[in-house]
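Listing of my_file.cif, mmCIF, C-alpha atoms and all ligand atoms
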```cif
data_run
#
loop_
_atom_site.group_PDB
_atom_site.id
_atom_site.type_symbol
_atom_site.label_atom_id
_atom_site.label_comp_id
_atom_site.auth_asym_id
_atom_site.auth_seq_id
_atom_site.Cartn_x
_atom_site.Cartn_y
_atom_site.Cartn_z
ATOM 1 C CA MET A 1 158.270 190.441 77.980
ATOM 2 C CA SER A 2 155.077 188.942 79.309
ATOM 3 C CA TYR A 3 151.836 188.566 77.454
ATOM 4 C CA GLN A 4 148.905 190.711 78.606
ATOM 5 C CA LEU A 5 145.230 189.792 78.683
ATOM 6 C CA PRO A 6 143.672 191.847 75.867
ATOM 7 C CA GLU A 7 140.917 194.229 76.904
ATOM 8 C CA LEU A 8 137.487 193.532 75.457
ATOM 9 C CA THR A 9 136.145 196.150 73.055
ATOM 10 C CA PHE A 10 132.705 195.899 74.692
ATOM 11 C CA ALA A 11 131.242 195.808 78.216
ATOM 12 C CA TYR A 12 130.675 192.456 79.911
ATOM 13 C CA ASP A 13 126.909 192.822 79.578
ATOM 14 C CA ALA A 14 126.971 194.159 76.002
ATOM 15 C CA LEU A 15 126.353 190.810 74.314
ATOM 16 C CA GLU A 16 123.119 190.167 76.226
ATOM 17 C CA PRO A 17 120.787 188.422 75.686
ATOM 18 C CA TYR A 18 122.772 186.174 73.352
ATOM 19 C CA MET A 19 125.756 185.802 75.644
ATOM 20 C CA ASP A 20 125.130 186.585 79.292
ATOM 21 C CA GLU A 21 127.200 188.966 81.385
ATOM 22 C CA GLU A 22 128.323 186.362 83.920
ATOM 23 C CA THR A 23 129.617 184.025 81.236
ATOM 24 C CA VAL A 24 131.534 186.785 79.426
ATOM 25 C CA ARG A 25 133.012 188.109 82.682
ATOM 26 C CA ILE A 26 134.144 184.712 83.996
ATOM 27 C CA HIS A 27 135.329 183.595 80.563
ATOM 28 C CA HIS A 28 137.504 186.690 80.146
ATOM 29 C CA THR A 29 138.705 187.449 83.681
ATOM 30 C CA ARG A 30 139.224 183.863 84.824
ATOM 31 C CA HIS A 31 139.561 181.418 81.923
ATOM 32 C CA HIS A 32 141.369 183.641 79.426
ATOM 33 C CA GLN A 33 143.406 185.301 82.192
ATOM 34 C CA LYS A 34 144.481 181.884 83.493
ATOM 35 C CA TYR A 35 145.725 180.822 80.050
ATOM 36 C CA VAL A 36 147.698 184.083 79.807
ATOM 37 C CA ASP A 37 149.232 183.580 83.272
ATOM 38 C CA ASN A 38 150.065 179.935 82.605
ATOM 39 C CA PHE A 39 151.593 180.807 79.221
ATOM 40 C CA ASN A 40 153.795 183.499 80.776
ATOM 41 C CA GLU A 41 154.889 181.070 83.478
ATOM 42 C CA ALA A 42 155.631 178.304 80.953
ATOM 43 C CA VAL A 43 157.828 180.448 78.673
ATOM 44 C CA LYS A 44 159.589 182.304 81.495
ATOM 45 C CA ASN A 45 163.373 182.287 81.047
ATOM 46 C CA THR A 46 163.146 180.461 77.720
ATOM 47 C CA PRO A 47 163.831 181.894 74.228
ATOM 48 C CA MET A 48 160.076 181.590 73.541
ATOM 49 C CA GLU A 49 159.564 184.612 75.799
ATOM 50 C CA GLU A 50 160.705 186.771 72.900
ATOM 51 C CA GLU A 51 158.622 185.045 70.232
ATOM 52 C CA SER A 52 155.130 185.811 69.032
ATOM 53 C CA LEU A 53 152.461 183.128 69.303
ATOM 54 C CA GLU A 54 152.352 182.924 65.506
ATOM 55 C CA GLU A 55 156.075 182.110 65.463
ATOM 56 C CA ILE A 56 155.577 179.256 67.932
ATOM 57 C CA PHE A 57 152.544 177.620 66.246
ATOM 58 C CA PRO A 58 154.273 176.081 63.174
ATOM 59 C CA ARG A 59 156.493 173.951 65.468
ATOM 60 C CA ILE A 60 154.016 173.440 68.306
ATOM 61 C CA SER A 61 154.353 169.636 68.138
ATOM 62 C CA ARG A 62 157.971 169.967 69.266
ATOM 63 C CA ILE A 63 157.544 172.304 72.219
ATOM 64 C CA PRO A 64 156.491 171.471 75.791
ATOM 65 C CA ASP A 65 152.810 170.820 76.422
ATOM 66 C CA ALA A 66 152.459 173.587 79.006
ATOM 67 C CA VAL A 67 153.569 176.167 76.434
ATOM 68 C CA ALA A 68 151.629 174.620 73.545
ATOM 69 C CA LYS A 69 148.272 174.350 75.301
ATOM 70 C CA ASN A 70 148.332 177.823 76.806
ATOM 71 C CA ALA A 71 149.736 179.493 73.679
ATOM 72 C CA GLY A 72 146.828 178.050 71.718
ATOM 73 C CA GLN A 73 144.230 179.075 74.239
ATOM 74 C CA VAL A 74 145.653 182.614 74.549
ATOM 75 C CA PHE A 75 145.503 183.129 70.777
ATOM 76 C CA ASN A 76 142.146 181.401 70.257
ATOM 77 C CA HIS A 77 140.395 183.422 72.963
ATOM 78 C CA SER A 78 141.869 186.703 71.703
ATOM 79 C CA LEU A 79 140.518 185.984 68.220
ATOM 80 C CA PHE A 80 137.193 184.822 69.657
ATOM 81 C CA TRP A 81 136.634 188.102 71.526
ATOM 82 C CA ARG A 82 137.617 190.116 68.453
ATOM 83 C CA SER A 83 135.093 188.053 66.455
ATOM 84 C CA LEU A 84 132.247 189.321 68.650
ATOM 85 C CA LYS A 85 130.455 192.657 68.796
ATOM 86 C CA PRO A 86 127.147 193.928 70.154
ATOM 87 C CA ASN A 87 124.588 195.018 67.565
ATOM 88 C CA GLY A 88 126.762 193.978 64.675
ATOM 89 C CA ARG A 89 125.609 193.398 61.126
ATOM 90 C CA LYS A 90 123.829 190.100 60.573
ATOM 91 C CA GLU A 91 125.789 189.194 57.448
ATOM 92 C CA PRO A 92 129.117 189.976 55.813
ATOM 93 C CA THR A 93 129.420 192.168 52.735
ATOM 94 C CA GLY A 94 131.931 192.635 49.939
ATOM 95 C CA ALA A 95 134.624 190.098 49.042
ATOM 96 C CA LEU A 96 133.899 187.824 52.019
ATOM 97 C CA ALA A 97 130.177 187.689 51.185
ATOM 98 C CA ASP A 98 131.141 186.773 47.604
ATOM 99 C CA ALA A 99 133.533 184.048 48.815
ATOM 100 C CA ILE A 100 130.767 182.556 50.986
ATOM 101 C CA VAL A 101 128.338 182.460 48.062
ATOM 102 C CA GLU A 102 130.993 180.911 45.830
ATOM 103 C CA GLU A 103 131.899 178.208 48.338
ATOM 104 C CA PHE A 104 128.546 177.454 49.962
ATOM 105 C CA GLY A 105 125.880 178.787 47.602
ATOM 106 C CA ASP A 106 124.321 181.178 50.089
ATOM 107 C CA PHE A 107 124.789 182.581 53.589
ATOM 108 C CA LEU A 108 122.130 180.367 55.197
ATOM 109 C CA THR A 109 123.806 177.207 53.910
ATOM 110 C CA PHE A 110 127.160 178.457 55.185
ATOM 111 C CA LYS A 111 125.669 179.173 58.603
ATOM 112 C CA LYS A 112 124.056 175.726 58.794
ATOM 113 C CA GLN A 113 127.287 173.981 57.812
ATOM 114 C CA PHE A 114 129.300 176.008 60.310
ATOM 115 C CA ASN A 115 126.879 175.179 63.118
ATOM 116 C CA SER A 116 126.737 171.528 62.216
ATOM 117 C CA ILE A 117 130.557 171.234 62.288
ATOM 118 C CA ALA A 118 130.715 173.221 65.537
ATOM 119 C CA ALA A 119 127.978 171.095 67.122
ATOM 120 C CA ALA A 120 129.723 167.870 66.084
ATOM 121 C CA THR A 121 133.050 168.835 67.689
ATOM 122 C CA PHE A 122 133.492 166.136 70.313
ATOM 123 C CA GLY A 123 134.217 167.458 73.796
ATOM 124 C CA SER A 124 136.082 170.764 74.074
ATOM 125 C CA GLY A 125 137.294 172.648 71.042
ATOM 126 C CA TRP A 126 136.797 175.371 68.483
ATOM 127 C CA ALA A 127 135.012 175.929 65.173
ATOM 128 C CA TRP A 128 136.808 178.069 62.583
ATOM 129 C CA LEU A 129 136.382 179.831 59.304
ATOM 130 C CA VAL A 130 139.775 179.850 57.603
ATOM 131 C CA LYS A 131 141.210 181.274 54.411
ATOM 132 C CA LYS A 132 143.285 178.832 52.451
ATOM 133 C CA GLY A 133 144.774 179.583 49.057
ATOM 134 C CA GLY A 134 142.213 182.274 48.259
ATOM 135 C CA ARG A 135 139.281 180.066 49.295
ATOM 136 C CA ILE A 136 137.439 179.742 52.579
ATOM 137 C CA GLN A 137 136.769 176.620 54.595
ATOM 138 C CA ILE A 138 135.007 175.638 57.827
ATOM 139 C CA THR A 139 136.996 173.462 60.186
ATOM 140 C CA SER A 140 137.010 172.405 63.814
ATOM 141 C CA THR A 141 139.792 171.582 66.247
ATOM 142 C CA SER A 142 139.989 169.920 69.659
ATOM 143 C CA ASN A 143 141.091 171.504 72.885
ATOM 144 C CA HIS A 144 143.697 174.259 72.266
ATOM 145 C CA ILE A 145 144.542 173.430 68.638
ATOM 146 C CA ASN A 146 144.207 176.130 65.970
ATOM 147 C CA PRO A 147 144.670 176.123 62.172
ATOM 148 C CA LEU A 148 148.073 177.866 62.398
ATOM 149 C CA MET A 149 149.568 174.891 64.256
ATOM 150 C CA ASP A 150 151.577 172.136 62.596
ATOM 151 C CA VAL A 151 149.334 169.581 64.338
ATOM 152 C CA ALA A 152 146.092 170.947 62.858
ATOM 153 C CA GLU A 153 144.428 168.578 60.405
ATOM 154 C CA GLU A 154 143.207 171.535 58.323
ATOM 155 C CA LYS A 155 145.496 174.537 58.185
ATOM 156 C CA GLY A 156 144.736 178.071 57.072
ATOM 157 C CA LYS A 157 144.513 181.687 58.148
ATOM 158 C CA PRO A 158 141.857 181.978 60.866
ATOM 159 C CA LEU A 159 139.140 184.526 60.017
ATOM 160 C CA PHE A 160 137.005 183.898 63.088
ATOM 161 C CA CYS A 161 136.457 181.199 65.676
ATOM 162 C CA VAL A 162 133.725 180.073 68.035
ATOM 163 C CA ASP A 163 134.596 178.599 71.406
ATOM 164 C CA VAL A 164 132.682 175.353 71.958
ATOM 165 C CA TRP A 165 134.228 174.508 75.326
ATOM 166 C CA GLU A 166 131.340 174.163 77.802
ATOM 167 C CA HIS A 167 132.646 177.133 79.827
ATOM 168 C CA ALA A 168 131.692 179.348 76.843
ATOM 169 C CA TYR A 169 127.980 178.643 77.137
ATOM 170 C CA TYR A 170 127.062 176.379 80.054
ATOM 171 C CA LEU A 171 125.716 179.014 82.500
ATOM 172 C CA LYS A 172 123.098 180.198 80.036
ATOM 173 C CA TYR A 173 122.596 177.273 77.677
ATOM 174 C CA GLN A 174 123.648 174.294 79.851
ATOM 175 C CA ASN A 175 124.090 171.275 77.561
ATOM 176 C CA LYS A 176 122.313 172.948 74.617
ATOM 177 C CA ARG A 177 125.328 173.784 72.478
ATOM 178 C CA ALA A 178 123.148 174.062 69.373
ATOM 179 C CA ASP A 179 121.117 176.891 70.954
ATOM 180 C CA TYR A 180 124.315 178.786 71.816
ATOM 181 C CA LEU A 181 125.499 178.326 68.228
ATOM 182 C CA ASP A 182 122.184 179.605 66.812
ATOM 183 C CA GLU A 183 122.476 182.817 68.843
ATOM 184 C CA ILE A 184 126.151 183.541 68.183
ATOM 185 C CA TRP A 185 125.239 184.823 64.700
ATOM 186 C CA ASN A 186 123.543 187.820 66.366
ATOM 187 C CA ILE A 187 126.838 189.040 67.794
ATOM 188 C CA LEU A 188 129.505 188.409 65.161
ATOM 189 C CA ASN A 189 131.828 191.276 64.275
ATOM 190 C CA TRP A 190 131.703 191.129 60.476
ATOM 191 C CA GLU A 191 133.825 194.272 60.014
ATOM 192 C CA GLU A 192 136.680 192.535 61.850
ATOM 193 C CA ILE A 193 136.158 189.218 60.046
ATOM 194 C CA GLU A 194 136.116 190.967 56.660
ATOM 195 C CA THR A 195 139.391 192.693 57.562
ATOM 196 C CA ASN A 196 140.942 189.331 58.432
ATOM 197 C CA PHE A 197 139.841 188.009 55.033
ATOM 198 C CA LYS A 198 141.685 190.769 53.122
HETATM 199 MN MN MN3 B 201 137.016 179.515 76.340
#
```
Exercise: express the given structure as C-alpha cells:
Amino acid sequence: MSYQLPELTFAYDALEPYMDEETVRIHHTRHHQKYVDNFNEAVKNTPMEEESLEEIFPRISRIPDAVAKNAGQVFNHSLFWRSLKPNGRKEPTGALADAIVEEFGDFLTFKKQFNSIAAATFGSGWAWLVKKGGRIQITSTSNHINPLMDVAEEKGKPLFCVDVWEHAYYLKYQNKRADYLDEIWNILNWEEIETNFK
C-alpha cells in the first residue's frame, strides 16, 4: 500500500498575500510529493509498507535513513498544510486558549516565544506546538525530525507545526524568515489545532 500526497483543503492562491501561490504550489506538488515518492520507494517490499508513520516514529533511530528522513517529511508537511487555512480566526478559543494563557500569560507572549524559537532554528527545520502531559510546549527540530520520534529532544503530541526550511518562504520573503513567521499567524487553522489539542 503506497502513501498518497494529501490534497490541500484550499486553492494554491488562497493563502495570498501571506503565502504566495507559487510557493504553495511548488512546496506541495514538488517538495511534498518528492518526500512521498521517496518514502514509498524506501519502504517498498519491506514490512514498513504496512505500517503507519506514527508506528515507525518511536523507533526511527533504528531504521534506514532513507525511510526515516522521508517518513518525517511526509508527516510534517501533512500536518503543516492542515495547520493552515485562508481567512481563519486570528486566535484560538476554548480549552487551547486557556492552556496558552496558563502557560504563557497571554496570546501575544505565546506568539512572540513561538516566533523567536522558530527564528532561532539553525538551518532547516520545524517549529512545533506540542501537548505533553496535559500541558503545552513550544519546541523546534532540525531537518525531518518531529516530536513523535525517539530522537526528538522534546517529545509530545504535535498540535501544529511551521516549516522553516527556506523552500517554505524564500520566493516571497528571501532570507527574511522573521517576516514569514510574522505573517503565518494570519493563516493558521485554529479549528484544526483546537481539535488536535482535545
Ligand atoms: Mn517544506
*asked:* What does the structure give for the distance between CA of Tyr12 in chain A and CA of Tyr169 in chain A, in Å to one decimal?
replied: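 Atom-to-atom, CA of Tyr12 in chain A and CA of Tyr169 in chain A are spaced 14.3 Å apart.
Selection by the PyMOL selection byres (((not hetatm)) within 10 of (chain B and resi 201)) on the present file picks out Thr23, Val24, Ile26, His27, His28, Arg30, His31, His32, Tyr35, Gln73, Val74, Asn76, His77, Ser78, Phe80, Trp81, Ser124, Gly125, Trp126, Asn143, His144, Val162, Asp163, Val164, Trp165, Glu166, His167, Ala168 and Tyr169 of chain A.
One distance worth recording is that between CA of Ala66 in chain A and CA of Val43 in chain A, which is 8.7 Å.
Of the listed residues A:Lys90, A:Lys34, A:Lys157, A:Arg25, the one whose atoms come nearest to Glu54 in chain A is A:Lys157, with distances taken using only C-alpha atoms.
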_Given the point (137.0, 176.9, 62.2) in the coordinates of this file, which residues lie within 7 Å, counting all atoms listed in the file, and how would they look as a list of chain:residue names?_
A:Trp126, A:Ala127, A:Trp128, A:Leu129, A:Val130, A:Ile138, A:Thr139, A:Ser140, A:Cys161
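Note that the spacing between CA of Phe39 in chain A and CA of Ala71 in chain A amounts to 6.0 Å.
Excluding Ser83 in chain A and any residue on its chain fewer than 4 positions from it, the residues at most 7 Å away by all atoms listed in the file are Leu79, Phe160, Leu188, Asn189, Glu192 and Ile193 of chain A.
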Mind telling me what the PyMOL selection byres (((chain A and resi 89) around 12) and not hetatm) catches here, as an mmCIF file with C-alpha atoms, in the coordinates of the input?
```
data_model
loop_
_atom_site.group_PDB
_atom_site.id
_atom_site.type_symbol
_atom_site.label_atom_id
_atom_site.label_comp_id
_atom_site.auth_asym_id
_atom_site.auth_seq_id
_atom_site.Cartn_x
_atom_site.Cartn_y
_atom_site.Cartn_z
ATOM 1 C CA LEU A 84 132.247 189.321 68.650
ATOM 2 C CA LYS A 85 130.455 192.657 68.796
ATOM 3 C CA PRO A 86 127.147 193.928 70.154
ATOM 4 C CA ASN A 87 124.588 195.018 67.565
ATOM 5 C CA GLY A 88 126.762 193.978 64.675
ATOM 6 C CA LYS A 90 123.829 190.100 60.573
ATOM 7 C CA GLU A 91 125.789 189.194 57.448
ATOM 8 C CA PRO A 92 129.117 189.976 55.813
ATOM 9 C CA THR A 93 129.420 192.168 52.735
ATOM 10 C CA TRP A 185 125.239 184.823 64.700
ATOM 11 C CA ASN A 186 123.543 187.820 66.366
ATOM 12 C CA ILE A 187 126.838 189.040 67.794
ATOM 13 C CA LEU A 188 129.505 188.409 65.161
ATOM 14 C CA ASN A 189 131.828 191.276 64.275
ATOM 15 C CA TRP A 190 131.703 191.129 60.476
ATOM 16 C CA GLU A 191 133.825 194.272 60.014
ATOM 17 C CA GLU A 192 136.680 192.535 61.850
ATOM 18 C CA ILE A 193 136.158 189.218 60.046
ATOM 19 C CA GLU A 194 136.116 190.967 56.660
#
```
Edge lengths and centre in Å to one decimal, as JSON, is what I'm after for the box along x, y and z that holds all listed atoms of range 170-187 of chain A once 8 Å is added on each side.
```
{"center_x": 124.1, "center_y": 180.2, "center_z": 73.6, "size_x": 21.9, "size_y": 33.8, "size_z": 33.8}
```
*Residues in the PyMOL selection byres (((chain A and resi 131) around 8) and not hetatm), expressed as a PyMOL selection string*: chain A and resi 129-130+132-137+156-159+197
Keeping C-alpha atoms for every residue in the selection just given, could you write it to a file as a compact mmCIF listing (two decimals), keeping the file's coordinate frame?
```txt
# COMPACT_ATOMS: atom_id res chain seq x y z
CA LEU A 129 136.38 179.83 59.30
CA VAL A 130 139.78 179.85 57.60
CA LYS A 132 143.28 178.83 52.45
CA GLY A 133 144.77 179.58 49.06
CA GLY A 134 142.21 182.27 48.26
CA ARG A 135 139.28 180.07 49.30
CA ILE A 136 137.44 179.74 52.58
CA GLN A 137 136.77 176.62 54.60
CA GLY A 156 144.74 178.07 57.07
CA LYS A 157 144.51 181.69 58.15
CA PRO A 158 141.86 181.98 60.87
CA LEU A 159 139.14 184.53 60.02
CA PHE A 197 139.84 188.01 55.03
```
*Nearest to Gly72 in chain A among A:Ala11, A:Ile145, A:Ala178, A:Val101, with distances taken over only C-alpha atoms: which residue is it?*
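Between A:Ala11, A:Ile145, A:Ala178, A:Val101, the residue approaching Gly72 in chain A most closely is A:Ile145.
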*Return the single residue from A:Ala95, A:Gly123, A:Gln33, A:Thr109 that is closest to Asn175 in chain A, with distances computed using only C-alpha atoms.*
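Among the listed residues, A:Gly123 lies closest to Asn175 in chain A.
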*Using only C-alpha atoms, which of A:Thr195, A:Asn45, A:Asn38, A:Gln174 sits nearest Val67 in chain A?*
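Under the stated criterion, the closest residue is A:Asn38.
For range 58-61 of chain A, the non-local neighbours within 10 Å, defined as residues at least 2 positions apart in the same chain or in other chains and counting all atoms listed in the file, are Leu53, Glu54, Glu55, Ile56, Ile63, Pro64, Asp65, Val67, Ala68, Lys69, Ala71, Gly72, Ile145, Pro147, Leu148, Met149, Asp150, Val151 and Ala152 of chain A.
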Would you save the residues from that selection as a tab-separated table (two decimals), keeping the file's coordinate frame, using C-alpha atoms?
```
chain	number	residue	atom	x	y	z
A	53	LEU	CA	152.46	183.13	69.30
A	54	GLU	CA	152.35	182.92	65.51
A	55	GLU	CA	156.07	182.11	65.46
A	56	ILE	CA	155.58	179.26	67.93
A	63	ILE	CA	157.54	172.30	72.22
A	64	PRO	CA	156.49	171.47	75.79
A	65	ASP	CA	152.81	170.82	76.42
A	67	VAL	CA	153.57	176.17	76.43
A	68	ALA	CA	151.63	174.62	73.54
A	69	LYS	CA	148.27	174.35	75.30
A	71	ALA	CA	149.74	179.49	73.68
A	72	GLY	CA	146.83	178.05	71.72
A	145	ILE	CA	144.54	173.43	68.64
A	147	PRO	CA	144.67	176.12	62.17
A	148	LEU	CA	148.07	177.87	62.40
A	149	MET	CA	149.57	174.89	64.26
A	150	ASP	CA	151.58	172.14	62.60
A	151	VAL	CA	149.33	169.58	64.34
A	152	ALA	CA	146.09	170.95	62.86
```
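Remark: for Ser2 in chain A, the closest of the candidate residues A:Asn196, A:Thr29, A:Thr141, A:Asn40 is A:Asn40 (distances computed over only C-alpha atoms).
Between Leu181 in chain A and the candidates A:Phe110, A:Phe57, A:Tyr18, A:Phe75, the tightest atom-to-atom separation, counting all atoms listed in the file, involves A:Tyr18.
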*Using all atoms listed in the file, collect all residues at a distance of at most 7 Å from (124.5, 182.8, 83.6) as written in the file, then present them as a list in words.*
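Protein and nucleic acid residues near the point are Asp20, Glu22, Thr23, Leu171 and Lys172 of chain A.
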When you get a chance, write out all heavy atoms for range 67-77 of chain A, as a CSV table (one decimal), keeping the file's coordinate frame.
```csv
chain,number,residue,atom,x,y,z
A,67,VAL,N,153.5,175.0,77.3
A,67,VAL,CA,153.6,176.2,76.4
A,67,VAL,C,152.5,176.0,75.3
A,67,VAL,O,151.7,176.9,75.1
A,67,VAL,CB,155.0,176.3,75.8
A,67,VAL,CG1,155.0,177.5,74.8
A,67,VAL,CG2,156.0,176.5,76.8
A,68,ALA,N,152.5,174.8,74.7
A,68,ALA,CA,151.6,174.6,73.5
A,68,ALA,C,150.2,174.9,73.9
A,68,ALA,O,149.5,175.6,73.2
A,68,ALA,CB,151.8,173.2,73.0
A,69,LYS,N,149.7,174.3,74.9
A,69,LYS,CA,148.3,174.4,75.3
A,69,LYS,C,147.9,175.8,75.6
A,69,LYS,O,146.8,176.3,75.2
A,69,LYS,CB,148.0,173.4,76.5
A,69,LYS,CG,148.0,172.0,76.1
A,69,LYS,CD,147.7,171.1,77.3
A,69,LYS,CE,147.6,169.6,76.8
A,69,LYS,NZ,147.8,168.7,77.8
A,70,ASN,N,148.7,176.5,76.4
A,70,ASN,CA,148.3,177.8,76.8
A,70,ASN,C,148.5,178.8,75.7
A,70,ASN,O,147.7,179.8,75.5
A,70,ASN,CB,149.1,178.2,78.1
A,70,ASN,CG,148.6,177.4,79.3
A,70,ASN,OD1,147.5,177.6,79.7
A,70,ASN,ND2,149.5,176.6,79.8
A,71,ALA,N,149.5,178.6,74.8
A,71,ALA,CA,149.7,179.5,73.7
A,71,ALA,C,148.5,179.4,72.8
A,71,ALA,O,148.0,180.4,72.3
A,71,ALA,CB,151.0,179.1,72.9
A,72,GLY,N,148.0,178.2,72.5
A,72,GLY,CA,146.8,178.0,71.7
A,72,GLY,C,145.6,178.7,72.3
A,72,GLY,O,144.9,179.5,71.7
A,73,GLN,N,145.4,178.5,73.6
A,73,GLN,CA,144.2,179.1,74.2
A,73,GLN,C,144.3,180.6,74.3
A,73,GLN,O,143.3,181.3,74.2
A,73,GLN,CB,144.0,178.4,75.6
A,73,GLN,CG,143.5,177.0,75.6
A,73,GLN,CD,142.1,176.9,74.9
A,73,GLN,OE1,141.9,177.0,73.7
A,73,GLN,NE2,141.1,176.7,75.8
A,74,VAL,N,145.5,181.2,74.5
A,74,VAL,CA,145.7,182.6,74.5
A,74,VAL,C,145.3,183.2,73.2
A,74,VAL,O,144.4,184.1,73.1
A,74,VAL,CB,147.1,183.0,74.9
A,74,VAL,CG1,147.4,184.5,74.6
A,74,VAL,CG2,147.4,182.7,76.4
A,75,PHE,N,145.8,182.6,72.1
A,75,PHE,CA,145.5,183.1,70.8
A,75,PHE,C,144.0,182.9,70.4
A,75,PHE,O,143.4,183.8,69.9
A,75,PHE,CB,146.4,182.4,69.8
A,75,PHE,CG,146.1,182.8,68.3
A,75,PHE,CD1,146.7,183.8,67.7
A,75,PHE,CD2,145.1,182.1,67.6
A,75,PHE,CE1,146.5,184.1,66.4
A,75,PHE,CE2,144.8,182.4,66.3
A,75,PHE,CZ,145.5,183.5,65.7
A,76,ASN,N,143.5,181.7,70.7
A,76,ASN,CA,142.1,181.4,70.3
A,76,ASN,C,141.1,182.3,71.0
A,76,ASN,O,140.2,182.8,70.3
A,76,ASN,CB,141.8,179.9,70.6
A,76,ASN,CG,142.8,179.0,69.9
A,76,ASN,OD1,143.6,179.4,69.1
A,76,ASN,ND2,142.7,177.7,70.2
A,77,HIS,N,141.3,182.6,72.3
A,77,HIS,CA,140.4,183.4,73.0
A,77,HIS,C,140.5,184.9,72.5
A,77,HIS,O,139.5,185.6,72.4
A,77,HIS,CB,140.6,183.3,74.5
A,77,HIS,CG,140.0,182.1,75.1
A,77,HIS,ND1,140.7,180.9,75.2
A,77,HIS,CD2,138.8,181.9,75.5
A,77,HIS,CE1,139.9,180.0,75.7
A,77,HIS,NE2,138.7,180.5,75.9
```
